[in-house]
Amino acid sequence: MLILSILASKLGVSFYGEYVVLLSFVSIFVIIGDLGLGMLLPKLISKHRFNTEKISKYASFYFLVKIFAAILLAIILFVLLKNSLTLKVIILLYLVMRVINPEIIFHGLEDYKYIATINLLSKIIQVFLILTINFADQGLEKLFGVTLFVLFLTNILLYHRLFFKLKLGFEILPFKVIRTLIRSSLGFYFARFFQNLYSQGSTYVISFFLSIELVAIYSIATDFYKAGGALIGGVGRVLYTSLALTKNFILLKKITAFSLLLHIIFLPSIYFFGGMVLDLMFEFDVEVLYQLSLFLYVSLAFTIINSFWGYPALTAVNEERLAHICLIATAVTYYAVLSILVLSGQLTIINAVFCIIIADFAGVLMRIIFALHKNILP
């Protein structure tokens, strides 16, 4: 949130809007390059977390496939971008760094403390650079350059720990093994693709229908929402790897209840003081931003249920297929509501946020139905 405040205040809402639209466009390519490995590999690595040889094979597979995907996507993006050559090169390198980021391997190893430390360090460096650099000339190039540098440093530290501290090896896997792993990941990929697309790429889509200033406000609100979702998702990832081994659904219910209780406890503070906090953070009128943020905070209750009772719960009972269906249903709901609003000429910034909320609620209903069907609830 501090970075958002600094960027929006220092660069101006319009300039920040241009930045987030371009960033959202690049995120679409990152989603394409995920290949479902973000869900498959943590599960496999978690099962063999004490087997260095197995983990080395998975890490090697990840690096090789991701490098190939990153190069291919970079070529396509280079053709589509209409910016200056300097900015295009920076963005392409940024895309490659995001695609090959090895954080998901650490999720499988459950080395969350190291990930948190590295991410905190990267944010501190990013804030320092943003505060010290003059963005008046070639602002987008400099801003993406900062983003690229921080991500490059993050990747270097993560890969150094994998191959030098944890002593993982590197090997060229047989094509048959690569093909088997990719086939296993495709179920996750296709199920998560459209949901990730609206989650990460919605800012770019909305930019076709709203002014750049409103797009910037929409992006800030959804970034707050994603920050909350990331915290919840961190708990969900721990549950995903642990429930696959323990099948402890009593613990899952307790964690869900505790998380929802915390969410309710913080709601009055968000309602009464959220506007004042936003007013201190940003120099523009925050009334619309406050409304969006409040709606999306309420929707985080749906995120808690979706994160905990999707893949963590259903994979534990060998029903990944049902978890895939939940994601597909959520994405279909989002695109259906968005299409209706666009075609009827009723798409506003508020309605754009309600597309997300309605889709999340549809996901909750699906997960509850499947949990009841599989006797995980009550």
# chains A, B, ... in the order shown; residues from 1 in each chain; ligands from 1
>>> residues_around(residues="stretch 28-42 of chain A", least_positions_apart="5", cutoff="6 Å", atoms="only C-alpha atoms", output="CSV table (one decimal) with C-alpha atoms, in the first residue's frame")
chain,number,residue,atom,x,y,z
A,69,ALA,CA,7.8,-20.3,-22.3
A,99,VAL,CA,7.7,-16.1,-15.8
A,104,ILE,CA,6.4,-21.6,-6.0
A,107,HIS,CA,5.9,-23.0,-1.4
A,108,GLY,CA,6.3,-26.7,-1.9
A,185,SER,CA,-0.5,-29.6,-14.9
A,186,LEU,CA,-2.9,-28.8,-17.7
A,188,PHE,CA,-4.9,-26.7,-13.1
A,189,TYR,CA,-3.9,-24.5,-16.0
A,201,GLY,CA,-5.8,-8.6,-16.5
>>> closest_residue(among="A:Leu120, A:Ser199, A:Arg367, A:Phe61", to="A:Cys355", atoms="only C-alpha atoms")
A:Ser199
>>> residues_around(residues="A:Ile75", least_positions_apart="4", cutoff="12 Å", atoms="only C-alpha atoms", output="PyMOL selection string")
chain A and resi 29+68-71+79-81+88-89+91-93+95-96
>>> write_last_selection(atoms="N, CA and C atoms", output="PDB file, in the first residue's frame")
ATOM      1  N   PHE A  29       0.268 -12.105 -20.148  1.00  0.00           N
ATOM      2  CA  PHE A  29       1.269 -13.015 -20.699  1.00  0.00           C
ATOM      3  C   PHE A  29       1.892 -13.880 -19.607  1.00  0.00           C
ATOM      4  N   PHE A  68      11.737 -21.604 -21.725  1.00  0.00           N
ATOM      5  CA  PHE A  68      11.194 -21.762 -23.076  1.00  0.00           C
ATOM      6  C   PHE A  68       9.922 -20.931 -23.250  1.00  0.00           C
ATOM      7  N   ALA A  69       9.025 -21.009 -22.271  1.00  0.00           N
ATOM      8  CA  ALA A  69       7.770 -20.253 -22.335  1.00  0.00           C
ATOM      9  C   ALA A  69       8.035 -18.749 -22.314  1.00  0.00           C
ATOM     10  N   ALA A  70       8.989 -18.317 -21.480  1.00  0.00           N
ATOM     11  CA  ALA A  70       9.297 -16.893 -21.355  1.00  0.00           C
ATOM     12  C   ALA A  70       9.819 -16.322 -22.670  1.00  0.00           C
ATOM     13  N   ILE A  71      10.707 -17.049 -23.335  1.00  0.00           N
ATOM     14  CA  ILE A  71      11.270 -16.578 -24.607  1.00  0.00           C
ATOM     15  C   ILE A  71      10.178 -16.481 -25.672  1.00  0.00           C
ATOM     16  N   VAL A  79       6.172  -7.951 -30.493  1.00  0.00           N
ATOM     17  CA  VAL A  79       5.424  -7.594 -31.698  1.00  0.00           C
ATOM     18  C   VAL A  79       4.196  -6.748 -31.354  1.00  0.00           C
ATOM     19  N   LEU A  80       3.551  -7.048 -30.230  1.00  0.00           N
ATOM     20  CA  LEU A  80       2.297  -6.378 -29.876  1.00  0.00           C
ATOM     21  C   LEU A  80       2.497  -5.004 -29.244  1.00  0.00           C
ATOM     22  N   LEU A  81       3.600  -4.800 -28.539  1.00  0.00           N
ATOM     23  CA  LEU A  81       3.830  -3.528 -27.864  1.00  0.00           C
ATOM     24  C   LEU A  81       4.085  -2.413 -28.865  1.00  0.00           C
ATOM     25  N   LYS A  88      10.163  -1.242 -24.502  1.00  0.00           N
ATOM     26  CA  LYS A  88       9.836  -2.604 -24.930  1.00  0.00           C
ATOM     27  C   LYS A  88      10.858  -3.604 -24.401  1.00  0.00           C
ATOM     28  N   VAL A  89      12.134  -3.261 -24.483  1.00  0.00           N
ATOM     29  CA  VAL A  89      13.186  -4.166 -23.999  1.00  0.00           C
ATOM     30  C   VAL A  89      13.063  -4.372 -22.496  1.00  0.00           C
ATOM     31  N   ILE A  91      10.371  -4.052 -20.643  1.00  0.00           N
ATOM     32  CA  ILE A  91       9.156  -4.822 -20.365  1.00  0.00           C
ATOM     33  C   ILE A  91       9.361  -6.297 -20.695  1.00  0.00           C
ATOM     34  N   LEU A  92      10.055  -6.587 -21.777  1.00  0.00           N
ATOM     35  CA  LEU A  92      10.306  -7.984 -22.154  1.00  0.00           C
ATOM     36  C   LEU A  92      11.159  -8.679 -21.109  1.00  0.00           C
ATOM     37  N   LEU A  93      12.182  -7.987 -20.625  1.00  0.00           N
ATOM     38  CA  LEU A  93      13.022  -8.574 -19.570  1.00  0.00           C
ATOM     39  C   LEU A  93      12.229  -8.772 -18.284  1.00  0.00           C
ATOM     40  N   LEU A  95       9.011  -9.346 -18.153  1.00  0.00           N
ATOM     41  CA  LEU A  95       8.159 -10.512 -18.402  1.00  0.00           C
ATOM     42  C   LEU A  95       8.924 -11.805 -18.151  1.00  0.00           C
ATOM     43  N   VAL A  96      10.140 -11.895 -18.681  1.00  0.00           N
ATOM     44  CA  VAL A  96      10.961 -13.103 -18.493  1.00  0.00           C
ATOM     45  C   VAL A  96      11.211 -13.350 -17.007  1.00  0.00           C
TER      46      VAL A  96
END
>>> closest_residue(among="A:Ile217, A:Ile305, A:Leu77, A:Ile349", to="A:Ala257", atoms="only C-alpha atoms")
A:Ile305
>>> residues_around(residues="stretch 351-354 of chain A", least_positions_apart="4", cutoff="8 Å", atoms="only C-alpha atoms", output="list in words")
Ile206, Tyr218, Leu292, Phe295, Leu296, Leu338, Leu341, Gln346, Leu347 and Ile358 of chain A
>>> residues_around(residues="stretch 272-289 of chain A", least_positions_apart="2", cutoff="7 Å", atoms="only C-alpha atoms", output="NGL selection string")
:A and (5 or 9 or 217 or 221 or 268-270 or 291-293)
>>> atom_distance(atom1="atom CA of A:Lys43", atom2="atom CA of A:Gly236")
12.5 Å
>>> closest_residue(among="A:Val65, A:Asp360, A:Val337, A:Pro102", to="A:His160", atoms="only C-alpha atoms")
A:Pro102
>>> closest_residue(among="A:Pro312, A:Phe190, A:Leu173, A:Ser14", to="A:Gly233", atoms="only C-alpha atoms")
A:Pro312
>>> closest_residue(among="A:Tyr19, A:Leu327, A:Phe152, A:Ser242", to="A:Tyr198", atoms="only C-alpha atoms")
A:Leu327
>>> atom_distance(atom1="atom CA of A:Ile55", atom2="atom CA of A:Ile182")
16.2 Å
>>> closest_residue(among="A:Lys226, A:Arg321, A:Lys47, A:Lys165", to="A:Ala191", atoms="only C-alpha atoms")
A:Arg321
>>> select_by_dssp(residues="stretch 69-239 of chain A", states="alpha helix (DSSP H)", output="ChimeraX atom specification")
/A:69-80,85-99,103-109,112-132,139-160,175-206,212-239
>>> write_last_selection(atoms="C-alpha atoms", output="compact mmCIF listing (two decimals), in the first residue's frame")
# COMPACT_ATOMS: atom_id res chain seq x y z
CA ALA A 69 7.77 -20.25 -22.33
CA ALA A 70 9.30 -16.89 -21.35
CA ILE A 71 11.27 -16.58 -24.61
CA LEU A 72 8.26 -17.49 -26.73
CA LEU A 73 5.96 -15.07 -24.91
CA ALA A 74 8.57 -12.29 -25.06
CA ILE A 75 8.72 -12.59 -28.86
CA ILE A 76 4.93 -12.29 -29.12
CA LEU A 77 4.81 -9.36 -26.68
CA PHE A 78 7.57 -7.54 -28.57
CA VAL A 79 5.42 -7.59 -31.70
CA LEU A 80 2.30 -6.38 -29.88
CA LEU A 85 12.29 0.40 -28.09
CA THR A 86 13.85 1.07 -24.69
CA LEU A 87 10.58 0.50 -22.86
CA LYS A 88 9.84 -2.60 -24.93
CA VAL A 89 13.19 -4.17 -24.00
CA ILE A 90 12.68 -3.39 -20.31
CA ILE A 91 9.16 -4.82 -20.37
CA LEU A 92 10.31 -7.98 -22.15
CA LEU A 93 13.02 -8.57 -19.57
CA TYR A 94 10.48 -7.94 -16.82
CA LEU A 95 8.16 -10.51 -18.40
CA VAL A 96 10.96 -13.10 -18.49
CA MET A 97 11.82 -12.43 -14.83
CA ARG A 98 8.19 -12.86 -13.78
CA VAL A 99 7.67 -16.06 -15.75
CA GLU A 103 8.76 -18.70 -5.59
CA ILE A 104 6.35 -21.63 -6.05
CA ILE A 105 9.20 -24.08 -5.39
CA PHE A 106 9.61 -22.51 -1.96
CA HIS A 107 5.87 -22.96 -1.39
CA GLY A 108 6.35 -26.69 -1.87
CA LEU A 109 9.32 -26.65 0.51
CA TYR A 112 7.68 -19.21 3.77
CA LYS A 113 9.95 -17.30 6.13
CA TYR A 114 12.62 -16.89 3.46
CA ILE A 115 10.07 -15.79 0.85
CA ALA A 116 8.65 -13.20 3.25
CA THR A 117 12.14 -11.89 4.04
CA ILE A 118 13.10 -11.54 0.38
CA ASN A 119 9.79 -9.89 -0.53
CA LEU A 120 10.16 -7.40 2.32
CA LEU A 121 13.70 -6.58 1.23
CA SER A 122 12.58 -6.08 -2.37
CA LYS A 123 9.77 -3.73 -1.31
CA ILE A 124 12.18 -1.62 0.77
CA ILE A 125 14.56 -1.31 -2.17
CA GLN A 126 11.68 -0.46 -4.50
CA VAL A 127 10.38 2.29 -2.21
CA PHE A 128 13.88 3.74 -1.87
CA LEU A 129 14.41 3.84 -5.64
CA ILE A 130 10.98 5.34 -6.32
CA LEU A 131 11.63 8.09 -3.77
CA THR A 132 15.08 8.97 -5.12
CA GLY A 139 8.94 8.13 -16.54
CA LEU A 140 7.53 4.80 -17.73
CA GLU A 141 10.97 3.54 -18.75
CA LYS A 142 12.43 4.44 -15.36
CA LEU A 143 9.48 3.04 -13.42
CA PHE A 144 9.55 -0.28 -15.26
CA GLY A 145 13.33 -0.26 -14.89
CA VAL A 146 12.93 -0.07 -11.12
CA THR A 147 10.36 -2.87 -11.19
CA LEU A 148 12.66 -5.00 -13.35
CA PHE A 149 15.70 -4.42 -11.14
CA VAL A 150 13.86 -5.38 -7.96
CA LEU A 151 12.42 -8.52 -9.55
CA PHE A 152 15.82 -9.49 -11.01
CA LEU A 153 17.40 -9.16 -7.56
CA THR A 154 14.59 -11.25 -6.04
CA ASN A 155 15.09 -14.03 -8.58
CA ILE A 156 18.86 -14.06 -8.07
CA LEU A 157 18.45 -14.49 -4.31
CA LEU A 158 15.80 -17.21 -4.71
CA TYR A 159 17.77 -19.23 -7.25
CA HIS A 160 20.96 -18.82 -5.22
CA PHE A 175 11.21 -35.60 -22.83
CA LYS A 176 8.84 -38.32 -21.59
CA VAL A 177 9.10 -37.04 -18.01
CA ILE A 178 8.55 -33.44 -19.13
CA ARG A 179 5.51 -34.43 -21.16
CA THR A 180 4.01 -36.36 -18.22
CA LEU A 181 4.43 -33.44 -15.83
CA ILE A 182 2.98 -30.94 -18.30
CA ARG A 183 -0.03 -33.17 -18.89
CA SER A 184 -0.57 -33.35 -15.13
CA SER A 185 -0.47 -29.57 -14.87
CA LEU A 186 -2.93 -28.84 -17.69
CA GLY A 187 -6.00 -29.48 -15.53
CA PHE A 188 -4.86 -26.74 -13.13
CA TYR A 189 -3.88 -24.50 -16.05
CA PHE A 190 -7.16 -24.50 -17.93
CA ALA A 191 -9.25 -24.27 -14.76
CA ARG A 192 -7.28 -21.34 -13.35
CA PHE A 193 -6.54 -19.55 -16.62
CA PHE A 194 -9.71 -17.50 -17.00
CA GLN A 195 -9.96 -16.68 -13.31
CA ASN A 196 -6.35 -15.50 -13.26
CA LEU A 197 -7.05 -13.58 -16.45
CA TYR A 198 -9.77 -11.46 -14.87
CA SER A 199 -7.88 -11.21 -11.59
CA GLN A 200 -4.64 -9.94 -13.14
CA GLY A 201 -5.83 -8.57 -16.46
CA SER A 202 -9.07 -6.81 -15.52
CA THR A 203 -7.36 -3.42 -15.26
CA TYR A 204 -6.32 -3.69 -18.90
CA VAL A 205 -9.84 -4.71 -19.97
CA ILE A 206 -11.49 -1.94 -17.95
CA ILE A 212 -7.47 6.56 -17.33
CA GLU A 213 -8.03 8.32 -13.98
CA LEU A 214 -10.87 5.94 -13.06
CA VAL A 215 -8.75 3.00 -14.22
CA ALA A 216 -6.02 4.12 -11.81
CA ILE A 217 -8.50 4.28 -8.92
CA TYR A 218 -9.92 0.87 -9.89
CA SER A 219 -6.40 -0.56 -9.97
CA ILE A 220 -5.52 0.84 -6.53
CA ALA A 221 -8.72 -0.61 -5.02
CA THR A 222 -8.17 -4.03 -6.60
CA ASP A 223 -4.52 -3.96 -5.51
CA PHE A 224 -5.70 -3.51 -1.92
CA TYR A 225 -8.02 -6.46 -2.53
CA LYS A 226 -5.18 -8.54 -3.99
CA ALA A 227 -2.98 -7.70 -1.01
CA GLY A 228 -5.63 -9.09 1.33
CA GLY A 229 -6.14 -12.01 -1.01
CA ALA A 230 -2.39 -12.69 -0.99
CA LEU A 231 -2.38 -12.96 2.81
CA ILE A 232 -5.34 -15.32 2.68
CA GLY A 233 -3.78 -17.21 -0.21
CA GLY A 234 -0.61 -17.69 1.84
CA VAL A 235 -2.65 -19.52 4.46
CA GLY A 236 -4.42 -21.40 1.68
CA ARG A 237 -1.09 -22.60 0.23
CA VAL A 238 -0.02 -23.92 3.62
CA LEU A 239 -3.36 -25.74 3.93
>>> atom_distance(atom1="atom CA of A:Ile350", atom2="atom CA of A:Phe258")
29.8 Å
>>> residues_around(residues="A:Ala244", least_positions_apart="3", cutoff="10 Å", atoms="only C-alpha atoms", output="list of chain:residue names")
A:Lys43, A:Ser46, A:Lys47, A:Leu239, A:Tyr240, A:Thr241, A:Lys247, A:Asn248, A:Tyr311, A:Pro312, A:Ala313, A:Leu314, A:Thr315, A:Ala316, A:Val317, A:Asn318
>>> residues_around(residues="stretch 361-364 of chain A", least_positions_apart="3", cutoff="12 Å", atoms="only C-alpha atoms", output="PyMOL selection string")
chain A and resi 195+296+298-310+322-334+336-337+354-358+367-371
